[in-house]
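Input: a single structure, listed below in structure tokens.
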Amino acid sequence: MSNLLSIPMIGVMRSPYKEKFGIPRQPNLVEVESYIEMFAPYDTEQAFEGLDAFSHIWLLWQFHQNKAQDKTTFRAQVRPPRLGGNEKIGVFATRSMYRPSPIGLSVVKFKRVVREQGQLRVYVQGSDLLDGTPVLDIKPYIAYSDAIVDAQSGYAMQAPVLKSVIWQPQALAQQQVYVEQTLLLEQTLNELEQVLALDPRPAYQHDPERVYGLRFAAFNIRFQVDEQSITVVEIQWVGNDI
């Protein structure tokens, strides 16, 4: 029996996450707004009639920027960040992107369906999808069956601890200039600080002197991390957002 499966791509995600570094490791940790640009023939309002009665939706999508790997070799174990990036565990006990079928599943808050600039767009909040991610399907979230109140979540029972975000004087001055020029909107700034508060570093890195770089929306952000806080040392506008 063939192990090939043809799945259409119904749209593509447009989000402020421009690189994998910095994307929250689970959905709904950051209240970031993004939208799915629907492709023909799926870009018809009729396909979404009734969806406005649901507060949340499931997104099925593809990990499209994984590093090249041997498709014939099955990696039975991976190192999830939640376990420090060093301890191995079975791939089917994780949400690792490196799996037999590179398919992701996220529940997000449904906002609206609108036609803008000739495109049908599905706006959502709380997505953990990289900009340009292929979207394979959209399904409504059913509260009575999809929410399991007494579920056990193994090594990921607790939400991550948030760090405080501090702006150095130079970075704060840059931020204020971009705000005054309307290049940096209050919503984008709020989303950025939520991303930073999650500490986007790999779990095995603990160097407080190292300066990290993160691309978010139309900005490059450089920051340092200690035990309690994230310190932004620079913010630079690098181009138009989605």
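The way I read the labels, and the way they are meant: chains A, B, ... in the order of the structure tokens, residue 1 as the first residue of every chain, and ligand 1 as the first ligand shown, with later ones counted on from there.
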
List as a Markdown table every residue of region 4-69 of chain A that is in contact with region 113-134 of chain A, defined as an atom at most 8 Å from one of its atoms (using only C-alpha atoms), together with the nearest atom pair and the distance in Å rounded to one decimal, sorted by chain and then rising number.
```
| residue | atom | partner | partner_atom | distance |
| --- | --- | --- | --- | --- |
| A:Met9 | CA | A:Pro134 | CA | 6.1 |
| A:Ile10 | CA | A:Pro134 | CA | 7.7 |
| A:Gly11 | CA | A:Pro134 | CA | 6.2 |
| A:Val12 | CA | A:Pro134 | CA | 4.6 |
| A:Met13 | CA | A:Thr133 | CA | 5.2 |
| A:Arg14 | CA | A:Asp131 | CA | 4.9 |
| A:Ser15 | CA | A:Asp131 | CA | 4.7 |
| A:Pro16 | CA | A:Asp131 | CA | 6.6 |
| A:Tyr17 | CA | A:Leu130 | CA | 5.2 |
| A:Lys18 | CA | A:Asp131 | CA | 5.5 |
| A:Glu19 | CA | A:Leu130 | CA | 6.6 |
| A:Lys20 | CA | A:Leu130 | CA | 6.5 |
| A:Ile23 | CA | A:Asp128 | CA | 6.1 |
| A:Pro24 | CA | A:Asp128 | CA | 5.9 |
| A:Arg25 | CA | A:Asp128 | CA | 7.1 |
| A:Gln26 | CA | A:Asp128 | CA | 6.3 |
| A:Pro27 | CA | A:Asp128 | CA | 5.0 |
| A:Asn28 | CA | A:Gly126 | CA | 4.1 |
| A:Leu29 | CA | A:Gly126 | CA | 6.7 |
| A:Val30 | CA | A:Gly126 | CA | 5.6 |
| A:Glu31 | CA | A:Gly126 | CA | 4.8 |
| A:Val32 | CA | A:Gly126 | CA | 5.3 |
| A:Glu33 | CA | A:Gln125 | CA | 4.4 |
| A:Ser34 | CA | A:Val124 | CA | 5.6 |
| A:Tyr35 | CA | A:Tyr123 | CA | 4.1 |
| A:Ile36 | CA | A:Val122 | CA | 5.0 |
| A:Glu37 | CA | A:Arg121 | CA | 4.9 |
| A:Met38 | CA | A:Leu120 | CA | 5.6 |
| A:Asp43 | CA | A:Leu120 | CA | 5.5 |
| A:Thr44 | CA | A:Leu120 | CA | 7.2 |
| A:Glu45 | CA | A:Leu120 | CA | 7.7 |
| A:Phe48 | CA | A:Val113 | CA | 7.8 |
| A:Trp61 | CA | A:Pro134 | CA | 5.7 |
| A:Gln62 | CA | A:Pro134 | CA | 5.6 |
| A:Phe63 | CA | A:Thr133 | CA | 7.1 |
| A:His64 | CA | A:Thr133 | CA | 6.5 |
```

Using only C-alpha atoms, please write the residues we just selected to a file, as a PDB file, in the first residue's frame.
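Result file part00.pdb:
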```
ATOM      1  CA  MET A   9      -3.287  23.579   0.718  1.00  0.00           C
ATOM      2  CA  ILE A  10      -6.331  25.777   1.350  1.00  0.00           C
ATOM      3  CA  GLY A  11      -4.404  28.898   2.349  1.00  0.00           C
ATOM      4  CA  VAL A  12      -1.299  30.374   3.910  1.00  0.00           C
ATOM      5  CA  MET A  13      -0.758  32.004   7.299  1.00  0.00           C
ATOM      6  CA  ARG A  14       0.267  35.661   7.415  1.00  0.00           C
ATOM      7  CA  SER A  15       1.687  36.399  10.854  1.00  0.00           C
ATOM      8  CA  PRO A  16       4.273  38.615  12.580  1.00  0.00           C
ATOM      9  CA  TYR A  17       6.440  35.549  13.288  1.00  0.00           C
ATOM     10  CA  LYS A  18       9.022  35.925  10.526  1.00  0.00           C
ATOM     11  CA  GLU A  19      11.414  33.222  11.765  1.00  0.00           C
ATOM     12  CA  LYS A  20      11.099  30.077  13.865  1.00  0.00           C
ATOM     13  CA  ILE A  23       7.507  31.536  18.124  1.00  0.00           C
ATOM     14  CA  PRO A  24       5.634  30.396  21.261  1.00  0.00           C
ATOM     15  CA  ARG A  25       5.967  26.650  21.734  1.00  0.00           C
ATOM     16  CA  GLN A  26       2.200  26.269  22.100  1.00  0.00           C
ATOM     17  CA  PRO A  27      -0.791  28.253  20.785  1.00  0.00           C
ATOM     18  CA  ASN A  28      -2.602  30.892  22.865  1.00  0.00           C
ATOM     19  CA  LEU A  29       0.430  31.848  24.957  1.00  0.00           C
ATOM     20  CA  VAL A  30       0.556  35.183  23.123  1.00  0.00           C
ATOM     21  CA  GLU A  31      -2.524  37.133  22.028  1.00  0.00           C
ATOM     22  CA  VAL A  32      -1.059  37.844  18.604  1.00  0.00           C
ATOM     23  CA  GLU A  33      -3.459  38.514  15.739  1.00  0.00           C
ATOM     24  CA  SER A  34      -2.769  37.002  12.321  1.00  0.00           C
ATOM     25  CA  TYR A  35      -4.768  35.867   9.337  1.00  0.00           C
ATOM     26  CA  ILE A  36      -5.054  33.025   6.848  1.00  0.00           C
ATOM     27  CA  GLU A  37      -5.000  34.118   3.233  1.00  0.00           C
ATOM     28  CA  MET A  38      -7.387  31.686   1.536  1.00  0.00           C
ATOM     29  CA  ASP A  43     -11.798  31.610  -0.880  1.00  0.00           C
ATOM     30  CA  THR A  44     -15.569  31.852  -0.872  1.00  0.00           C
ATOM     31  CA  GLU A  45     -17.649  33.284   1.960  1.00  0.00           C
ATOM     32  CA  PHE A  48     -17.538  29.881   6.255  1.00  0.00           C
ATOM     33  CA  TRP A  61      -0.987  22.992   8.969  1.00  0.00           C
ATOM     34  CA  GLN A  62       2.389  21.889   7.674  1.00  0.00           C
ATOM     35  CA  PHE A  63       5.852  22.328   9.189  1.00  0.00           C
ATOM     36  CA  HIS A  64       7.297  23.699   5.970  1.00  0.00           C
TER      37      HIS A  64
END
```

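Proximity ranking of A:Leu162, A:Leu59, A:Val179, A:Leu136 relative to Ser6 (chain A) places A:Leu136 first, based on only C-alpha atoms.
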
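The gap separating CA of Leu83 (chain A) from CA of Ile166 (chain A) is 26.8 Å, in Å to one decimal.
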
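Across A:Gln236, A:Gly104, A:Tyr98, A:Arg112, the tightest approach to Val177 (chain A) is made by A:Gln236 when counting only C-alpha atoms.
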
Within region 4-239 of chain A, find each residue whose DSSP state, derived from the backbone, is strand (DSSP E), and express the selection as a tab-separated table (two decimals) with N, CA and C atoms, in the first residue's frame.
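Okay, this is what ended up in states_38.tsv:
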```tsv
chain	number	residue	atom	x	y	z
A	11	GLY	N	-4.81	27.51	2.13
A	11	GLY	CA	-4.40	28.90	2.35
A	11	GLY	C	-3.03	28.96	2.98
A	12	VAL	N	-2.61	30.17	3.31
A	12	VAL	CA	-1.30	30.37	3.91
A	12	VAL	C	-1.44	31.37	5.06
A	13	MET	N	-0.71	31.12	6.14
A	13	MET	CA	-0.76	32.00	7.30
A	13	MET	C	0.09	33.25	7.07
A	14	ARG	N	-0.47	34.41	7.42
A	14	ARG	CA	0.27	35.66	7.42
A	14	ARG	C	0.34	36.14	8.86
A	33	GLU	N	-2.45	38.65	16.79
A	33	GLU	CA	-3.46	38.51	15.74
A	33	GLU	C	-2.76	38.26	14.41
A	34	SER	N	-3.29	37.34	13.64
A	34	SER	CA	-2.77	37.00	12.32
A	34	SER	C	-3.94	36.59	11.45
A	35	TYR	N	-3.66	36.29	10.19
A	35	TYR	CA	-4.77	35.87	9.34
A	35	TYR	C	-4.31	34.82	8.33
A	36	ILE	N	-5.28	34.01	7.89
A	36	ILE	CA	-5.05	33.02	6.85
A	36	ILE	C	-5.53	33.61	5.54
A	37	GLU	N	-4.65	33.68	4.58
A	37	GLU	CA	-5.00	34.12	3.23
A	37	GLU	C	-5.50	32.89	2.47
A	38	MET	N	-6.79	32.86	2.16
A	38	MET	CA	-7.39	31.69	1.54
A	38	MET	C	-7.10	31.65	0.04
A	56	HIS	N	-13.70	29.48	18.81
A	56	HIS	CA	-12.38	28.97	18.51
A	56	HIS	C	-12.43	27.97	17.35
A	57	ILE	N	-11.30	27.82	16.68
A	57	ILE	CA	-11.20	26.87	15.57
A	57	ILE	C	-9.89	26.10	15.66
A	58	TRP	N	-9.88	24.92	15.05
A	58	TRP	CA	-8.67	24.13	14.90
A	58	TRP	C	-8.04	24.45	13.55
A	59	LEU	N	-6.73	24.59	13.55
A	59	LEU	CA	-5.98	24.75	12.31
A	59	LEU	C	-5.08	23.54	12.12
A	60	LEU	N	-5.17	22.90	10.97
A	60	LEU	CA	-4.23	21.86	10.57
A	60	LEU	C	-3.27	22.48	9.57
A	61	TRP	N	-1.97	22.29	9.78
A	61	TRP	CA	-0.99	22.99	8.97
A	61	TRP	C	0.27	22.15	8.80
A	62	GLN	N	1.18	22.64	8.00
A	62	GLN	CA	2.39	21.89	7.67
A	62	GLN	C	3.64	22.59	8.19
A	77	GLN	N	12.93	9.09	18.85
A	77	GLN	CA	13.01	9.95	20.02
A	77	GLN	C	13.54	11.33	19.65
A	78	VAL	N	13.07	12.33	20.38
A	78	VAL	CA	13.51	13.71	20.18
A	78	VAL	C	13.76	14.33	21.55
A	89	ILE	N	12.81	11.72	24.57
A	89	ILE	CA	11.51	11.12	24.84
A	89	ILE	C	10.91	10.70	23.50
A	90	GLY	N	9.96	9.79	23.52
A	90	GLY	CA	9.36	9.30	22.29
A	90	GLY	C	8.71	10.41	21.49
A	103	ILE	N	2.94	17.55	10.20
A	103	ILE	CA	1.64	18.22	10.29
A	103	ILE	C	1.45	18.75	11.71
A	104	GLY	N	1.06	20.02	11.80
A	104	GLY	CA	0.80	20.65	13.09
A	104	GLY	C	-0.69	20.83	13.32
A	105	LEU	N	-1.05	20.99	14.59
A	105	LEU	CA	-2.44	21.15	14.99
A	105	LEU	C	-2.49	22.22	16.07
A	106	SER	N	-3.28	23.27	15.84
A	106	SER	CA	-3.37	24.37	16.81
A	106	SER	C	-4.82	24.81	16.95
A	107	VAL	N	-5.22	25.05	18.20
A	107	VAL	CA	-6.52	25.66	18.43
A	107	VAL	C	-6.30	27.15	18.67
A	108	VAL	N	-7.06	27.99	17.99
A	108	VAL	CA	-6.89	29.44	18.08
A	108	VAL	C	-8.25	30.10	18.22
A	109	LYS	N	-8.24	31.36	18.64
A	109	LYS	CA	-9.48	32.12	18.75
A	109	LYS	C	-9.87	32.66	17.39
A	110	PHE	N	-11.10	32.40	17.01
A	110	PHE	CA	-11.61	32.89	15.72
A	110	PHE	C	-12.10	34.32	15.88
A	111	LYS	N	-11.65	35.19	14.97
A	111	LYS	CA	-12.01	36.60	15.04
A	111	LYS	C	-13.06	36.99	13.99
A	112	ARG	N	-12.71	36.80	12.71
A	112	ARG	CA	-13.63	37.23	11.66
A	112	ARG	C	-13.14	36.73	10.30
A	113	VAL	N	-14.06	36.74	9.34
A	113	VAL	CA	-13.74	36.45	7.94
A	113	VAL	C	-14.10	37.70	7.14
A	114	VAL	N	-13.11	38.25	6.44
A	114	VAL	CA	-13.35	39.47	5.67
A	114	VAL	C	-12.63	39.37	4.33
A	115	ARG	N	-13.13	40.11	3.35
A	115	ARG	CA	-12.44	40.22	2.07
A	115	ARG	C	-11.74	41.57	2.03
A	116	GLU	N	-10.41	41.50	1.93
A	116	GLU	CA	-9.58	42.69	1.92
A	116	GLU	C	-8.56	42.59	0.80
A	119	GLN	N	-8.56	39.62	-1.31
A	119	GLN	CA	-8.32	38.32	-0.69
A	119	GLN	C	-9.37	38.03	0.37
A	120	LEU	N	-9.74	36.76	0.50
A	120	LEU	CA	-10.57	36.34	1.62
A	120	LEU	C	-9.62	35.97	2.76
A	121	ARG	N	-9.79	36.64	3.90
A	121	ARG	CA	-8.88	36.45	5.03
A	121	ARG	C	-9.64	35.97	6.25
A	122	VAL	N	-9.08	34.99	6.93
A	122	VAL	CA	-9.64	34.46	8.17
A	122	VAL	C	-8.73	34.93	9.31
A	123	TYR	N	-9.22	35.88	10.10
A	123	TYR	CA	-8.42	36.44	11.19
A	123	TYR	C	-8.57	35.58	12.45
A	124	VAL	N	-7.44	35.34	13.11
A	124	VAL	CA	-7.43	34.54	14.32
A	124	VAL	C	-6.53	35.21	15.35
A	125	GLN	N	-6.63	34.74	16.58
A	125	GLN	CA	-5.76	35.25	17.66
A	125	GLN	C	-5.17	34.07	18.41
A	134	PRO	N	1.83	26.78	5.31
A	134	PRO	CA	0.69	26.25	4.57
A	134	PRO	C	-0.40	25.74	5.53
A	135	VAL	N	-1.63	26.16	5.29
A	135	VAL	CA	-2.77	25.72	6.10
A	135	VAL	C	-3.52	24.66	5.30
A	136	LEU	N	-3.78	23.52	5.95
A	136	LEU	CA	-4.38	22.37	5.28
A	136	LEU	C	-5.87	22.25	5.52
A	137	ASP	N	-6.33	22.72	6.69
A	137	ASP	CA	-7.76	22.60	6.98
A	137	ASP	C	-8.12	23.48	8.16
A	138	ILE	N	-9.41	23.80	8.27
A	138	ILE	CA	-9.97	24.58	9.36
A	138	ILE	C	-11.20	23.83	9.87
A	139	LYS	N	-11.26	23.63	11.18
A	139	LYS	CA	-12.41	22.94	11.78
A	139	LYS	C	-12.87	23.70	13.02
A	140	PRO	N	-14.17	23.71	13.31
A	140	PRO	CA	-14.63	24.38	14.53
A	140	PRO	C	-14.23	23.61	15.78
A	164	SER	N	9.78	39.35	33.32
A	164	SER	CA	9.49	40.77	33.09
A	164	SER	C	10.31	41.27	31.91
A	165	VAL	N	9.79	42.24	31.20
A	165	VAL	CA	10.47	42.81	30.03
A	165	VAL	C	10.90	44.24	30.37
A	166	ILE	N	12.20	44.49	30.25
A	166	ILE	CA	12.79	45.79	30.56
A	166	ILE	C	13.40	46.37	29.28
A	167	TRP	N	13.21	47.66	29.07
A	167	TRP	CA	13.79	48.33	27.90
A	167	TRP	C	14.94	49.22	28.36
A	212	TYR	N	20.80	38.21	22.05
A	212	TYR	CA	20.03	37.43	21.09
A	212	TYR	C	19.33	38.36	20.11
A	213	GLY	N	19.05	37.86	18.93
A	213	GLY	CA	18.30	38.62	17.94
A	213	GLY	C	17.01	37.91	17.58
A	214	LEU	N	15.96	38.69	17.40
A	214	LEU	CA	14.64	38.13	17.11
A	214	LEU	C	13.96	39.02	16.08
A	215	ARG	N	13.41	38.42	15.03
A	215	ARG	CA	12.61	39.16	14.05
A	215	ARG	C	11.14	38.98	14.39
A	216	PHE	N	10.45	40.10	14.58
A	216	PHE	CA	9.02	40.07	14.88
A	216	PHE	C	8.36	41.18	14.10
A	219	PHE	N	10.23	44.31	12.62
A	219	PHE	CA	11.32	44.76	13.49
A	219	PHE	C	12.31	43.65	13.81
A	220	ASN	N	13.56	44.06	14.00
A	220	ASN	CA	14.59	43.22	14.59
A	220	ASN	C	14.79	43.68	16.02
A	221	ILE	N	14.79	42.75	16.95
A	221	ILE	CA	14.93	43.07	18.37
A	221	ILE	C	16.15	42.33	18.90
A	222	ARG	N	17.00	43.05	19.63
A	222	ARG	CA	18.15	42.45	20.29
A	222	ARG	C	17.93	42.54	21.79
A	223	PHE	N	18.18	41.43	22.49
A	223	PHE	CA	17.86	41.38	23.91
A	223	PHE	C	18.80	40.44	24.66
A	224	GLN	N	18.82	40.61	25.99
A	224	GLN	CA	19.56	39.74	26.88
A	224	GLN	C	18.60	39.15	27.91
A	225	VAL	N	19.02	38.04	28.52
A	225	VAL	CA	18.13	37.32	29.43
A	225	VAL	C	18.88	36.96	30.70
A	229	SER	N	14.35	38.36	34.12
A	229	SER	CA	13.89	39.38	33.17
A	229	SER	C	14.52	39.25	31.79
A	230	ILE	N	13.87	39.91	30.84
A	230	ILE	CA	14.35	40.09	29.48
A	230	ILE	C	14.67	41.57	29.32
A	231	THR	N	15.88	41.89	28.87
A	231	THR	CA	16.26	43.29	28.68
A	231	THR	C	16.44	43.56	27.20
A	232	VAL	N	15.61	44.44	26.66
A	232	VAL	CA	15.71	44.82	25.25
A	232	VAL	C	16.80	45.88	25.12
A	233	VAL	N	17.79	45.61	24.27
A	233	VAL	CA	18.90	46.56	24.11
A	233	VAL	C	18.79	47.35	22.81
A	234	GLU	N	18.00	46.85	21.86
A	234	GLU	CA	17.86	47.57	20.59
A	234	GLU	C	16.63	47.08	19.84
A	235	ILE	N	15.96	47.99	19.14
A	235	ILE	CA	14.86	47.64	18.26
A	235	ILE	C	15.04	48.41	16.96
A	236	GLN	N	15.02	47.70	15.84
A	236	GLN	CA	15.23	48.33	14.54
A	236	GLN	C	14.10	47.95	13.58
A	237	TRP	N	13.60	48.97	12.88
A	237	TRP	CA	12.60	48.73	11.84
A	237	TRP	C	13.32	48.26	10.60
```

Exercise for review: Pull the alpha helix (DSSP H) assignments for region 2-242 of chain A out of DSSP run on the backbone, and list those residues as a list of chain:residue names.
Suggested key: A:Ala143, A:Tyr144, A:Ser145, A:Asp146, A:Pro169, A:Gln170, A:Ala171, A:Leu172, A:Ala173, A:Gln174, A:Gln175, A:Gln176, A:Val177, A:Tyr178, A:Val179, A:Glu180, A:Glu186, A:Gln187, A:Thr188, A:Leu189, A:Asn190, A:Glu191, A:Leu192, A:Glu193, A:Gln194, A:Val195, A:Leu196, A:Ala197

Let's have the selection written as a PDB file, in the first residue's frame, with N, CA and C atoms.
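Writing done, so here's out_23.pdb:
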```
ATOM      1  N   ALA A 143     -16.629  22.641  22.283  1.00  0.00           N
ATOM      2  CA  ALA A 143     -16.247  22.735  23.691  1.00  0.00           C
ATOM      3  C   ALA A 143     -16.553  21.466  24.485  1.00  0.00           C
ATOM      4  N   TYR A 144     -17.734  20.862  24.277  1.00  0.00           N
ATOM      5  CA  TYR A 144     -18.118  19.740  25.138  1.00  0.00           C
ATOM      6  C   TYR A 144     -17.286  18.492  24.902  1.00  0.00           C
ATOM      7  N   SER A 145     -16.698  18.375  23.715  1.00  0.00           N
ATOM      8  CA  SER A 145     -15.905  17.186  23.425  1.00  0.00           C
ATOM      9  C   SER A 145     -14.406  17.470  23.336  1.00  0.00           C
ATOM     10  N   ASP A 146     -14.035  18.670  22.906  1.00  0.00           N
ATOM     11  CA  ASP A 146     -12.616  18.970  22.723  1.00  0.00           C
ATOM     12  C   ASP A 146     -11.923  19.393  24.014  1.00  0.00           C
ATOM     13  N   PRO A 169      17.515  52.354  28.019  1.00  0.00           N
ATOM     14  CA  PRO A 169      17.181  53.706  27.549  1.00  0.00           C
ATOM     15  C   PRO A 169      17.281  53.874  26.033  1.00  0.00           C
ATOM     16  N   GLN A 170      18.333  53.327  25.407  1.00  0.00           N
ATOM     17  CA  GLN A 170      18.471  53.466  23.959  1.00  0.00           C
ATOM     18  C   GLN A 170      17.323  52.779  23.227  1.00  0.00           C
ATOM     19  N   ALA A 171      16.989  51.565  23.663  1.00  0.00           N
ATOM     20  CA  ALA A 171      15.906  50.825  23.024  1.00  0.00           C
ATOM     21  C   ALA A 171      14.567  51.511  23.251  1.00  0.00           C
ATOM     22  N   LEU A 172      14.376  52.075  24.452  1.00  0.00           N
ATOM     23  CA  LEU A 172      13.128  52.778  24.753  1.00  0.00           C
ATOM     24  C   LEU A 172      12.992  54.019  23.879  1.00  0.00           C
ATOM     25  N   ALA A 173      14.091  54.725  23.650  1.00  0.00           N
ATOM     26  CA  ALA A 173      14.058  55.899  22.782  1.00  0.00           C
ATOM     27  C   ALA A 173      13.725  55.495  21.349  1.00  0.00           C
ATOM     28  N   GLN A 174      14.300  54.391  20.872  1.00  0.00           N
ATOM     29  CA  GLN A 174      13.978  53.896  19.534  1.00  0.00           C
ATOM     30  C   GLN A 174      12.509  53.515  19.445  1.00  0.00           C
ATOM     31  N   GLN A 175      12.021  52.847  20.484  1.00  0.00           N
ATOM     32  CA  GLN A 175      10.610  52.440  20.510  1.00  0.00           C
ATOM     33  C   GLN A 175       9.702  53.648  20.378  1.00  0.00           C
ATOM     34  N   GLN A 176       9.986  54.690  21.120  1.00  0.00           N
ATOM     35  CA  GLN A 176       9.130  55.877  21.117  1.00  0.00           C
ATOM     36  C   GLN A 176       9.129  56.570  19.752  1.00  0.00           C
ATOM     37  N   VAL A 177      10.292  56.576  19.082  1.00  0.00           N
ATOM     38  CA  VAL A 177      10.365  57.160  17.743  1.00  0.00           C
ATOM     39  C   VAL A 177       9.464  56.389  16.785  1.00  0.00           C
ATOM     40  N   TYR A 178       9.525  55.058  16.835  1.00  0.00           N
ATOM     41  CA  TYR A 178       8.708  54.234  15.934  1.00  0.00           C
ATOM     42  C   TYR A 178       7.222  54.389  16.244  1.00  0.00           C
ATOM     43  N   VAL A 179       6.891  54.567  17.526  1.00  0.00           N
ATOM     44  CA  VAL A 179       5.494  54.792  17.911  1.00  0.00           C
ATOM     45  C   VAL A 179       5.012  56.128  17.343  1.00  0.00           C
ATOM     46  N   GLU A 180       5.839  57.152  17.474  1.00  0.00           N
ATOM     47  CA  GLU A 180       5.471  58.470  16.961  1.00  0.00           C
ATOM     48  C   GLU A 180       5.323  58.466  15.446  1.00  0.00           C
ATOM     49  N   GLU A 186       0.621  50.107  19.083  1.00  0.00           N
ATOM     50  CA  GLU A 186       0.526  49.641  20.465  1.00  0.00           C
ATOM     51  C   GLU A 186       0.231  48.142  20.521  1.00  0.00           C
ATOM     52  N   GLN A 187      -0.618  47.649  19.612  1.00  0.00           N
ATOM     53  CA  GLN A 187      -0.936  46.229  19.589  1.00  0.00           C
ATOM     54  C   GLN A 187       0.309  45.392  19.292  1.00  0.00           C
ATOM     55  N   THR A 188       1.112  45.834  18.314  1.00  0.00           N
ATOM     56  CA  THR A 188       2.330  45.104  17.966  1.00  0.00           C
ATOM     57  C   THR A 188       3.323  45.119  19.117  1.00  0.00           C
ATOM     58  N   LEU A 189       3.456  46.244  19.796  1.00  0.00           N
ATOM     59  CA  LEU A 189       4.353  46.346  20.940  1.00  0.00           C
ATOM     60  C   LEU A 189       3.917  45.407  22.052  1.00  0.00           C
ATOM     61  N   ASN A 190       2.623  45.362  22.310  1.00  0.00           N
ATOM     62  CA  ASN A 190       2.097  44.472  23.337  1.00  0.00           C
ATOM     63  C   ASN A 190       2.356  43.010  22.987  1.00  0.00           C
ATOM     64  N   GLU A 191       2.146  42.645  21.728  1.00  0.00           N
ATOM     65  CA  GLU A 191       2.399  41.273  21.294  1.00  0.00           C
ATOM     66  C   GLU A 191       3.880  40.918  21.410  1.00  0.00           C
ATOM     67  N   LEU A 192       4.746  41.863  21.027  1.00  0.00           N
ATOM     68  CA  LEU A 192       6.183  41.646  21.119  1.00  0.00           C
ATOM     69  C   LEU A 192       6.607  41.378  22.554  1.00  0.00           C
ATOM     70  N   GLU A 193       6.115  42.164  23.489  1.00  0.00           N
ATOM     71  CA  GLU A 193       6.492  41.972  24.888  1.00  0.00           C
ATOM     72  C   GLU A 193       5.983  40.637  25.427  1.00  0.00           C
ATOM     73  N   GLN A 194       4.819  40.189  24.954  1.00  0.00           N
ATOM     74  CA  GLN A 194       4.323  38.873  25.351  1.00  0.00           C
ATOM     75  C   GLN A 194       5.252  37.768  24.846  1.00  0.00           C
ATOM     76  N   VAL A 195       5.728  37.912  23.610  1.00  0.00           N
ATOM     77  CA  VAL A 195       6.656  36.923  23.045  1.00  0.00           C
ATOM     78  C   VAL A 195       7.947  36.875  23.847  1.00  0.00           C
ATOM     79  N   LEU A 196       8.504  38.039  24.154  1.00  0.00           N
ATOM     80  CA  LEU A 196       9.758  38.101  24.900  1.00  0.00           C
ATOM     81  C   LEU A 196       9.597  37.553  26.313  1.00  0.00           C
ATOM     82  N   ALA A 197       8.460  37.818  26.958  1.00  0.00           N
ATOM     83  CA  ALA A 197       8.230  37.368  28.333  1.00  0.00           C
ATOM     84  C   ALA A 197       8.278  35.853  28.457  1.00  0.00           C
TER      85      ALA A 197
END
```

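Taking CA of Asn66 (chain A) and CA of Thr94 (chain A) as the two end points, the separation is 16.1 Å.
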
Check your understanding: Can you tell me how far CA of Glu87 (chain A) sits from CA of Phe74 (chain A), in Å to one decimal?
Key -> 18.3 Å
